[in-house]
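This is target_8.csv. It holds CSV, C-alpha atoms.
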```
chain,number,residue,atom,x,y,z
A,15,MET,CA,-5.2,-13.4,-2.2
A,16,PRO,CA,-3.9,-10.8,0.3
A,17,ILE,CA,-5.6,-10.8,3.6
A,18,SER,CA,-6.7,-7.2,3.1
A,19,GLY,CA,-9.5,-8.6,0.9
A,20,SER,CA,-10.7,-10.9,3.7
A,21,SER,CA,-10.3,-9.0,7.0
A,22,SER,CA,-13.5,-7.0,7.1
A,23,ASP,CA,-17.2,-7.5,7.8
A,24,ALA,CA,-19.6,-9.2,5.4
A,25,GLN,CA,-20.0,-5.9,3.5
A,26,GLY,CA,-16.3,-5.3,3.1
A,27,ASN,CA,-16.2,-2.6,5.8
A,28,TYR,CA,-13.3,-2.0,8.2
A,29,VAL,CA,-12.0,0.9,10.2
A,30,ALA,CA,-9.0,2.7,8.7
A,31,LEU,CA,-6.8,4.7,11.1
A,32,GLY,CA,-4.4,7.6,10.8
A,33,PHE,CA,-3.5,8.7,7.3
A,34,GLY,CA,-5.6,5.9,5.9
A,35,LEU,CA,-8.6,8.1,6.6
A,36,GLU,CA,-7.3,10.9,4.4
A,37,SER,CA,-8.7,11.3,0.9
A,38,CYS,CA,-6.6,10.6,-2.2
A,39,GLN,CA,-6.9,14.3,-3.0
A,40,THR,CA,-5.3,15.2,0.3
A,41,PHE,CA,-2.5,12.7,-0.4
A,42,LEU,CA,-1.9,14.3,-3.9
A,43,GLN,CA,-1.7,17.8,-2.3
A,44,ALA,CA,0.8,16.6,0.2
A,45,ARG,CA,2.9,14.9,-2.6
A,46,SER,CA,2.8,18.1,-4.7
A,47,ASN,CA,4.1,20.1,-1.7
A,48,GLY,CA,6.8,17.6,-0.7
A,49,LEU,CA,4.9,16.8,2.5
A,50,ASP,CA,4.3,13.1,1.9
A,51,LEU,CA,6.6,11.7,4.6
A,52,PRO,CA,3.7,10.8,7.0
A,53,TYR,CA,2.1,8.8,4.1
A,54,ARG,CA,5.4,7.0,3.5
A,55,HIS,CA,5.5,6.0,7.1
A,56,TRP,CA,1.8,4.9,7.0
A,57,LEU,CA,2.5,2.9,3.8
A,58,THR,CA,5.4,1.0,5.4
A,59,GLY,CA,3.4,0.3,8.6
A,60,TYR,CA,0.5,-1.0,6.5
A,61,LEU,CA,2.7,-3.2,4.4
A,62,THR,CA,4.4,-4.6,7.6
A,63,ALA,CA,0.9,-5.7,8.8
A,64,VAL,CA,0.1,-7.1,5.3
A,65,ASN,CA,3.4,-9.1,5.4
A,66,LYS,CA,2.6,-10.5,8.8
A,67,LEU,CA,-1.0,-11.4,8.1
A,68,THR,CA,-0.9,-12.7,4.5
A,69,ASN,CA,-0.1,-16.3,3.9
A,70,ASP,CA,3.0,-17.2,1.9
A,71,THR,CA,4.3,-13.7,2.0
A,72,VAL,CA,7.4,-12.3,3.6
A,73,ASP,CA,7.5,-9.1,1.6
A,74,MET,CA,4.5,-7.7,-0.3
A,75,ARG,CA,6.8,-5.2,-2.1
A,76,GLY,CA,8.8,-7.8,-3.9
A,77,LYS,CA,11.4,-5.8,-5.7
A,78,THR,CA,9.2,-2.6,-5.9
A,79,ASP,CA,10.9,0.3,-4.1
A,80,ILE,CA,9.0,2.9,-2.0
A,81,ASP,CA,9.2,5.6,-4.7
A,82,SER,CA,7.6,3.3,-7.2
A,83,MET,CA,4.9,2.4,-4.8
A,84,LEU,CA,4.2,6.1,-4.1
A,85,TRP,CA,4.0,6.7,-7.8
A,86,LEU,CA,1.5,3.8,-8.2
A,87,LEU,CA,-0.6,5.3,-5.3
A,88,GLU,CA,-0.4,8.7,-7.0
A,89,GLN,CA,-1.7,7.2,-10.2
A,90,TYR,CA,-4.6,5.6,-8.4
A,91,CYS,CA,-5.4,8.8,-6.6
A,92,ILE,CA,-5.4,10.9,-9.7
A,93,THR,CA,-8.0,8.6,-11.1
A,94,TYR,CA,-10.0,8.4,-7.8
A,95,PRO,CA,-9.4,11.6,-5.8
A,96,PRO,CA,-12.4,11.1,-3.4
A,97,HIS,CA,-11.3,7.6,-2.4
A,98,SER,CA,-9.5,7.1,0.9
A,99,PHE,CA,-5.7,6.6,1.1
A,100,SER,CA,-6.4,3.2,2.6
A,101,ARG,CA,-8.5,2.2,-0.4
A,102,ALA,CA,-5.6,3.3,-2.6
A,103,MET,CA,-3.4,1.0,-0.5
A,104,GLU,CA,-5.8,-1.9,-1.0
A,105,SER,CA,-5.4,-1.4,-4.8
A,106,LEU,CA,-1.6,-1.2,-4.4
A,107,VAL,CA,-1.5,-4.5,-2.4
A,108,THR,CA,-3.6,-6.2,-5.1
A,109,ASP,CA,-1.2,-4.9,-7.8
A,110,LEU,CA,1.9,-6.0,-5.7
A,111,TYR,CA,0.5,-9.4,-4.7
A,112,PRO,CA,1.7,-11.4,-7.8
A,113,LYS,CA,5.2,-9.9,-7.4
A,114,ARG,CA,5.5,-10.5,-3.6
A,115,MET,CA,8.4,-12.4,-2.0
A,116,THR,CA,7.2,-15.7,-0.6
A,117,HIS,CA,10.4,-16.7,1.2
A,118,MET,CA,13.3,-14.9,2.7
A,119,PRO,CA,16.1,-14.4,0.2
A,120,HIS,CA,19.4,-16.2,0.8
A,121,LYS,CA,22.4,-14.0,1.6
A,122,HIS,CA,23.8,-14.3,-2.0
A,123,GLU,CA,20.5,-13.3,-3.7
```
Go ahead and render the structure in this file as C-alpha cells.
Amino acid sequence: MPISGSSSDAQGNYVALGFGLESCQTFLQARSNGLDLPYRHWLTGYLTAVNKLTNDTVDMRGKTDIDSMLWLLEQYCITYPPHSFSRAMESLVTDLYPKRMTHMPHKHE
C-alpha cells in the first residue's frame, strides 16, 4: 500500500501544505479557467515524495501522463467538491498504485 495511507496520526490526520489545502471546488474553478499550472506543480511534487517514500516504487504514475492524472483528479473533485485537493491526491495515488513502476526501466523499454 502507498505510504500516504500510513504516514499520519492514529486518526489519519496529517498537515497538507500549499495547494493541498485548497478545496476540490477551487481546483475545478482553476481548471475551467486554464489556471491549473500551480496544481500541476503541486501534483508532481507530491508524487515525487510518494515515489521516494513508498516501498517498491520508482514511479507511482506508471504509464499515466499528467493530463490523465489531472482528468482523474477532476473526476474525483466533481464528485466531492468540498474535499481538499490533497484528499483527491490520496485517491489518485490509491488508483495509480497497482499500475506503478517498481523498477527503473532499461534503456530499450
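The closest residue to A:Leu31, picked from A:Arg101, A:His120, A:Arg75, A:Arg114 and counting only C-alpha atoms, is A:Arg101.
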Which polymer residues have any atom within 12 Å of an atom of A:Tyr60, counting all atoms listed in the file, with same-chain residues fewer than 3 positions away left out, as a ChimeraX atom specification? /A:17-18,30-34,53-57,63-68,73-75,99-104,106-107
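Taking atom CA of A:Leu86 as the reference point, atom CA of A:Thr108 is found at 11.6 Å.
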Write out as a count of residues only which residues come within 10 Å of A:Gly76 when counting all atoms listed in the file, dropping same-chain ones fewer than 3 positions away.
11
Requested in this report: Record the distance separating atom CA of A:Gln43 and atom CA of A:Ser82, expressed in Å with one decimal.
Outcome: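 Atom CA of A:Gln43 sits 17.9 Å away from atom CA of A:Ser82.
Considering the residues A:Asp81, A:Asn69, A:Cys38, A:Val29 and counting all atoms listed in the file, A:Leu51 has its shortest atom-to-atom contact with A:Asp81.
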Pairwise distance, atom CA of A:Gly59 with atom CA of A:Ser105, equals 16.1 Å
From the list A:Leu84, A:Gln89, A:His117, A:Thr62, the nearest residue to A:Asp50 using all atoms listed in the file is A:Leu84
**Message:** List the spatial neighbours of A:Ser37 as a list in words - criterion: any atom at most 7 Å away, all atoms listed in the file, same-chain residues fewer than 6 positions off excluded.
**Reply:**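 Answer for this query is Pro95, Pro96, His97, Ser98 and Phe99 of chain A.
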Missing atoms of stretch 29-46 of chain A rebuilt to N, CA and C atoms, written as a CSV table (one decimal), in the frame of the given file:
```csv
chain,number,residue,atom,x,y,z
A,29,VAL,N,-12.3,-0.5,9.7
A,29,VAL,CA,-12.0,0.9,10.2
A,29,VAL,C,-10.5,1.1,9.8
A,30,ALA,N,-10.3,2.2,9.1
A,30,ALA,CA,-9.0,2.7,8.7
A,30,ALA,C,-8.6,3.7,9.8
A,31,LEU,N,-7.3,3.7,10.1
A,31,LEU,CA,-6.8,4.7,11.1
A,31,LEU,C,-5.7,5.6,10.5
A,32,GLY,N,-5.5,6.7,11.2
A,32,GLY,CA,-4.4,7.6,10.8
A,32,GLY,C,-4.6,8.1,9.4
A,33,PHE,N,-3.5,8.1,8.6
A,33,PHE,CA,-3.5,8.7,7.3
A,33,PHE,C,-4.4,7.9,6.3
A,34,GLY,N,-4.7,6.7,6.7
A,34,GLY,CA,-5.6,5.9,5.9
A,34,GLY,C,-7.0,6.5,5.7
A,35,LEU,N,-7.3,7.4,6.6
A,35,LEU,CA,-8.6,8.1,6.6
A,35,LEU,C,-8.6,9.2,5.6
A,36,GLU,N,-7.4,9.7,5.3
A,36,GLU,CA,-7.3,10.9,4.4
A,36,GLU,C,-7.8,10.5,3.0
A,37,SER,N,-8.3,11.5,2.3
A,37,SER,CA,-8.7,11.3,0.9
A,37,SER,C,-7.4,11.2,0.0
A,38,CYS,N,-7.6,10.6,-1.2
A,38,CYS,CA,-6.6,10.6,-2.2
A,38,CYS,C,-6.2,12.0,-2.6
A,39,GLN,N,-7.2,12.9,-2.6
A,39,GLN,CA,-6.9,14.3,-3.0
A,39,GLN,C,-6.0,15.0,-2.0
A,40,THR,N,-6.1,14.7,-0.7
A,40,THR,CA,-5.3,15.2,0.3
A,40,THR,C,-3.9,14.7,0.1
A,41,PHE,N,-3.8,13.4,-0.2
A,41,PHE,CA,-2.5,12.7,-0.4
A,41,PHE,C,-1.8,13.4,-1.6
A,42,LEU,N,-2.5,13.7,-2.7
A,42,LEU,CA,-1.9,14.3,-3.9
A,42,LEU,C,-1.4,15.7,-3.6
A,43,GLN,N,-2.2,16.4,-2.7
A,43,GLN,CA,-1.7,17.8,-2.3
A,43,GLN,C,-0.4,17.7,-1.5
A,44,ALA,N,-0.4,16.7,-0.6
A,44,ALA,CA,0.8,16.6,0.2
A,44,ALA,C,2.0,16.2,-0.7
A,45,ARG,N,1.8,15.3,-1.7
A,45,ARG,CA,2.9,14.9,-2.6
A,45,ARG,C,3.4,16.1,-3.4
A,46,SER,N,2.4,16.9,-3.9
A,46,SER,CA,2.8,18.1,-4.7
A,46,SER,C,3.6,19.1,-3.9
```
